[in-house]
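Next comes query13.txt, with compact mmCIF, C-alpha atoms.
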# COMPACT_ATOMS: atom_id res chain seq x y z
CA MET I 1 0.58 -14.21 -3.50
CA LYS I 2 -1.69 -14.05 -6.53
CA LEU I 3 -4.90 -11.99 -6.42
CA LEU I 4 -7.80 -11.46 -8.78
CA LEU I 5 -9.54 -8.08 -8.52
CA ILE I 6 -13.04 -8.00 -10.03
CA GLU I 7 -14.06 -4.34 -9.99
CA ASP I 8 -15.90 -2.32 -12.66
CA SER I 9 -14.76 1.13 -11.53
CA GLU I 10 -11.65 1.76 -13.63
CA LYS I 11 -10.35 4.44 -11.26
CA LEU I 12 -10.68 2.24 -8.18
CA GLN I 13 -9.31 -0.78 -10.03
CA ARG I 14 -6.17 1.11 -11.13
CA SER I 15 -5.64 2.52 -7.64
CA LEU I 16 -6.04 -0.86 -5.94
CA GLN I 17 -3.84 -2.63 -8.48
CA ARG I 18 -1.06 -0.09 -8.00
CA GLY I 19 -1.24 -0.27 -4.20
CA LEU I 20 -1.49 -4.05 -4.06
CA ARG I 21 1.46 -4.48 -6.42
CA LYS I 22 3.52 -2.09 -4.30
CA SER I 23 2.56 -4.25 -1.31
CA GLY I 24 4.10 -7.28 -3.05
CA PHE I 25 1.05 -8.97 -4.56
CA VAL I 26 0.64 -10.27 -8.10
CA VAL I 27 -2.68 -8.85 -9.34
CA ASP I 28 -4.90 -9.74 -12.30
CA ALA I 29 -7.99 -7.61 -12.90
CA ALA I 30 -11.40 -7.97 -14.52
CA HIS I 31 -13.97 -5.27 -15.29
CA SER I 32 -17.08 -7.47 -15.44
CA GLY I 33 -18.60 -10.47 -13.73
CA GLU I 34 -18.22 -12.61 -16.86
CA GLU I 35 -14.53 -11.79 -17.27
CA GLY I 36 -13.86 -12.29 -13.56
CA LEU I 37 -15.66 -15.63 -13.48
CA TRP I 38 -13.69 -16.83 -16.49
CA LEU I 39 -10.35 -15.76 -14.99
CA ALA I 40 -11.18 -17.31 -11.60
CA THR I 41 -12.22 -20.57 -13.26
CA GLU I 42 -9.20 -20.81 -15.56
CA ASN I 43 -6.45 -19.68 -13.15
CA ALA I 44 -5.29 -20.35 -9.61
CA TYR I 45 -5.65 -17.41 -7.23
CA ASP I 46 -5.00 -17.20 -3.51
CA VAL I 47 -7.66 -14.51 -2.99
CA VAL I 48 -10.37 -12.99 -5.18
CA LEU I 49 -11.41 -9.42 -4.39
CA LEU I 50 -14.99 -9.19 -5.61
CA ASP I 51 -17.25 -6.18 -6.08
CA LEU I 52 -20.96 -7.02 -5.96
CA MET I 53 -22.36 -4.39 -8.31
CA LEU I 54 -20.88 -5.48 -11.64
CA PRO I 55 -22.16 -5.17 -15.20
CA GLY I 56 -23.62 -8.38 -16.62
CA ILE I 57 -23.25 -11.08 -13.99
CA ASP I 58 -23.36 -9.49 -10.54
CA GLY I 59 -20.92 -10.37 -7.77
CA TYR I 60 -23.37 -12.61 -5.93
CA SER I 61 -23.79 -14.73 -9.08
CA VAL I 62 -20.03 -14.87 -9.63
CA LEU I 63 -19.56 -16.05 -6.07
CA ARG I 64 -22.33 -18.64 -6.30
CA GLN I 65 -20.96 -20.03 -9.59
CA LEU I 66 -17.40 -20.21 -8.26
CA ARG I 67 -18.56 -22.26 -5.29
CA GLU I 68 -20.81 -24.46 -7.46
CA ARG I 69 -17.80 -25.20 -9.69
CA GLY I 70 -15.78 -26.26 -6.66
CA ARG I 71 -13.36 -23.31 -6.72
CA GLN I 72 -11.88 -23.07 -3.23
CA MET I 73 -9.90 -19.81 -3.37
CA HIS I 74 -10.72 -17.27 -0.71
CA VAL I 75 -13.16 -14.53 -1.71
CA LEU I 76 -13.13 -11.11 -0.08
CA VAL I 77 -16.15 -9.03 -1.06
CA LEU I 78 -15.51 -5.30 -1.52
CA SER I 79 -18.84 -3.52 -1.76
CA ALA I 80 -20.63 -0.25 -1.11
CA ARG I 81 -23.61 -2.39 -0.05
CA ASP I 82 -23.46 -1.97 3.71
CA LEU I 83 -26.74 -3.45 4.91
CA VAL I 84 -26.56 -6.43 7.24
CA GLU I 85 -28.67 -8.45 4.74
CA ASP I 86 -26.10 -7.81 1.99
CA ARG I 87 -23.18 -8.91 4.17
CA VAL I 88 -25.02 -11.98 5.40
CA ARG I 89 -26.01 -12.97 1.85
CA GLY I 90 -22.42 -12.65 0.63
CA LEU I 91 -21.06 -14.70 3.51
CA GLU I 92 -23.76 -17.34 3.14
CA LEU I 93 -22.99 -17.68 -0.58
CA GLY I 94 -19.40 -18.55 0.32
CA ALA I 95 -17.46 -15.31 0.77
CA ASP I 96 -14.70 -15.58 3.36
CA ASP I 97 -14.81 -11.93 4.33
CA TYR I 98 -16.73 -8.74 3.51
CA LEU I 99 -15.32 -5.22 3.51
CA VAL I 100 -17.56 -2.19 3.04
CA LYS I 101 -16.41 0.67 0.78
CA PRO I 102 -14.86 3.06 1.49
CA PHE I 103 -12.18 1.21 3.43
CA ALA I 104 -8.64 1.83 4.62
CA PHE I 105 -6.12 0.31 2.23
CA GLU I 106 -4.05 -0.99 5.17
CA GLU I 107 -7.07 -2.91 6.44
CA LEU I 108 -7.60 -4.47 3.01
CA VAL I 109 -3.99 -5.67 2.91
CA ALA I 110 -4.25 -7.05 6.45
CA ARG I 111 -7.43 -8.96 5.58
CA ILE I 112 -5.85 -10.41 2.43
CA ARG I 113 -2.85 -11.63 4.42
CA ALA I 114 -5.12 -13.08 7.12
CA LEU I 115 -7.04 -15.02 4.46
CA ALA I 116 -3.80 -16.29 2.95
CA ARG I 117 -2.64 -17.60 6.33
CA ARG I 118 -5.87 -19.55 6.59
CA SER I 119 -5.50 -20.96 3.09
CA TYR I 120 -2.15 -22.49 3.94
CA VAL I 121 -3.34 -23.65 7.37
CA ARG I 122 -0.51 -21.98 9.20
CA LYS I 123 -0.71 -20.04 12.42
CA ASN I 124 2.84 -18.75 12.13
CA PRO I 125 2.95 -15.92 9.56
CA ASN I 126 6.67 -16.58 8.94
CA LEU I 127 7.87 -18.72 6.05
CA GLU I 128 11.12 -20.68 6.36
CA LEU I 129 12.99 -22.81 3.87
CA GLY I 130 16.68 -23.67 3.59
CA GLY I 131 17.97 -20.98 5.94
CA VAL I 132 15.76 -18.25 4.43
CA ARG I 133 13.08 -16.76 6.68
CA ILE I 134 10.35 -14.36 5.53
CA GLU I 135 8.53 -12.45 8.24
CA THR I 136 5.33 -11.81 6.32
CA SER I 137 3.83 -9.38 8.84
CA SER I 138 6.86 -7.06 8.86
CA ARG I 139 7.79 -7.84 5.21
CA ARG I 140 11.41 -8.63 6.19
CA VAL I 141 13.70 -11.36 4.82
CA PHE I 142 16.59 -13.05 6.60
CA VAL I 143 19.27 -15.40 5.34
CA GLY I 144 20.55 -16.96 8.51
CA ALA I 145 20.74 -14.06 10.96
CA ARG I 146 21.44 -11.43 8.26
CA GLU I 147 18.57 -9.26 6.99
CA VAL I 148 18.32 -8.91 3.21
CA ARG I 149 16.54 -5.88 1.75
CA LEU I 150 14.24 -6.67 -1.18
CA SER I 151 11.83 -4.62 -3.27
CA ALA I 152 8.11 -5.36 -2.90
CA ARG I 153 8.16 -7.24 -6.21
CA GLU I 154 11.20 -9.33 -5.22
CA LEU I 155 9.59 -10.14 -1.88
CA GLY I 156 6.35 -11.17 -3.61
CA LEU I 157 8.24 -13.47 -5.95
CA LEU I 158 10.16 -15.01 -3.06
CA GLU I 159 6.93 -15.65 -1.14
CA MET I 160 5.41 -17.44 -4.13
Please go through the file and, once you have read it, give me the structure as structure tokens.
Amino acid sequence: MKLLLIEDSEKLQRSLQRGLRKSGFVVDAAHSGEEGLWLATENAYDVVLLDLMLPGIDGYSVLRQLRERGRQMHVLVLSARDLVEDRVRGLELGADDYLVKPFAFEELVARIRALARRSYVRKNPNLELGGVRIETSSRRVFVGAREVRLSARELGLLEM
């Protein structure tokens, strides 16, 4: 699954990228609203992780422009803005979910996977093709009845 992380805090961006990659995701990153908007417009992403307080174009504007341009990828807002008005505004502008910082990394991963299930309109979180089954919730792979152990990167590639 391919993600775009738009976050101006270099420390948080590095930490999230490292954790998400270890969890099997392919992650591109942007430090500003302009860079994030360009990447999201020029590339296909399953989920965009969007901070609201960005230099230049803020996250609300990025979100609004993505939706105006017809970009349908899921957007998960990650923000320290915790007021109800902020969450409502983000959701009304087209965000699919909103997570207030600080958050548990495990919850972030679970929300990303939940969004991905919606994007492929599948209720069953397992993927099957040609005798290969991926149990996405437990991150296990089976060929026939035999379990195959894969690294997070290998599993991510297989899912894609």
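Reported to one decimal place, the separation of CA of Val77 (chain I) from CA of Tyr98 (chain I) is 4.6 Å.
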Find the smallest box with edges along x, y and z containing every listed atom of region 92-111 of chain I, then add 6 Å on each side and report centre and edge lengths in Å to one decimal, as lines of an AutoDock Vina configuration file.
center_x = -13.9
center_y = -7.7
center_z = 2.9
size_x = 31.8
size_y = 33.6
size_z = 19.0
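Reported to one decimal place, the separation of CA of Val27 (chain I) from CA of Ala40 (chain I) is 12.2 Å.
We find CA of Leu20 (chain I) and CA of Val109 (chain I) to be spaced 7.6 Å apart.
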**Item:** Top pick for closest residue to Arg89 (chain I), considering I:Val132, I:Asp46, I:Arg14, I:Gly59 and counting all atoms listed in the file
**Value:** I:Gly59
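Summary of the local environment: counting all atoms listed in the file, residues at most 12 Å from Arg67 (chain I), other than itself and those fewer than 2 positions away along its chain, are Leu37, Ala40, Thr41, Tyr60, Ser61, Val62, Leu63, Arg64, Gln65, Arg69, Gly70, Arg71, Gln72, Met73, His74, Val75, Gly90, Leu91, Glu92, Leu93, Gly94, Ala95 and Asp96 of chain I.
With only C-alpha atoms as the atoms that count, the residue of I:Ile134, I:Leu78, I:Val100, I:Ile6 with the shortest distance to Pro55 (chain I) is I:Ile6.
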**Complete:** Using all atoms listed in the file, the best pick from I:Gly156, I:Gly131, I:Gly36, I:Gly144 as closest to Glu7 (chain I) would be I:Gly36
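Near Leu158 (chain I), within 10 Å and counting all atoms listed in the file, sit Met1, Gly24, Val132, Ile134, Val141, Leu150 and Ala152 of chain I, not including residues fewer than 6 positions from it in the same chain.
Only residues having an atom at most 12 Å from (7.9, -7.9, 8.6) are included; using all atoms listed in the file, these are Ser23, Pro125, Asn126, Leu127, Arg133, Ile134, Glu135, Thr136, Ser137, Ser138, Arg139, Arg140, Val141, Phe142, Glu147, Val148, Arg149, Leu150, Ala152 and Leu155 of chain I.
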**Item:** Neighbours of point (-9.9, -16.0, -12.1) within 9 Å, using all atoms listed in the file, written as number ranges by chain
**Value:** I: 3-6, 28-30, 35-45, 48
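Proximity of I:Gly56, I:Arg111, I:Val47, I:Ser15 to His31 (chain I), computed with all atoms listed in the file, is greatest for I:Gly56.
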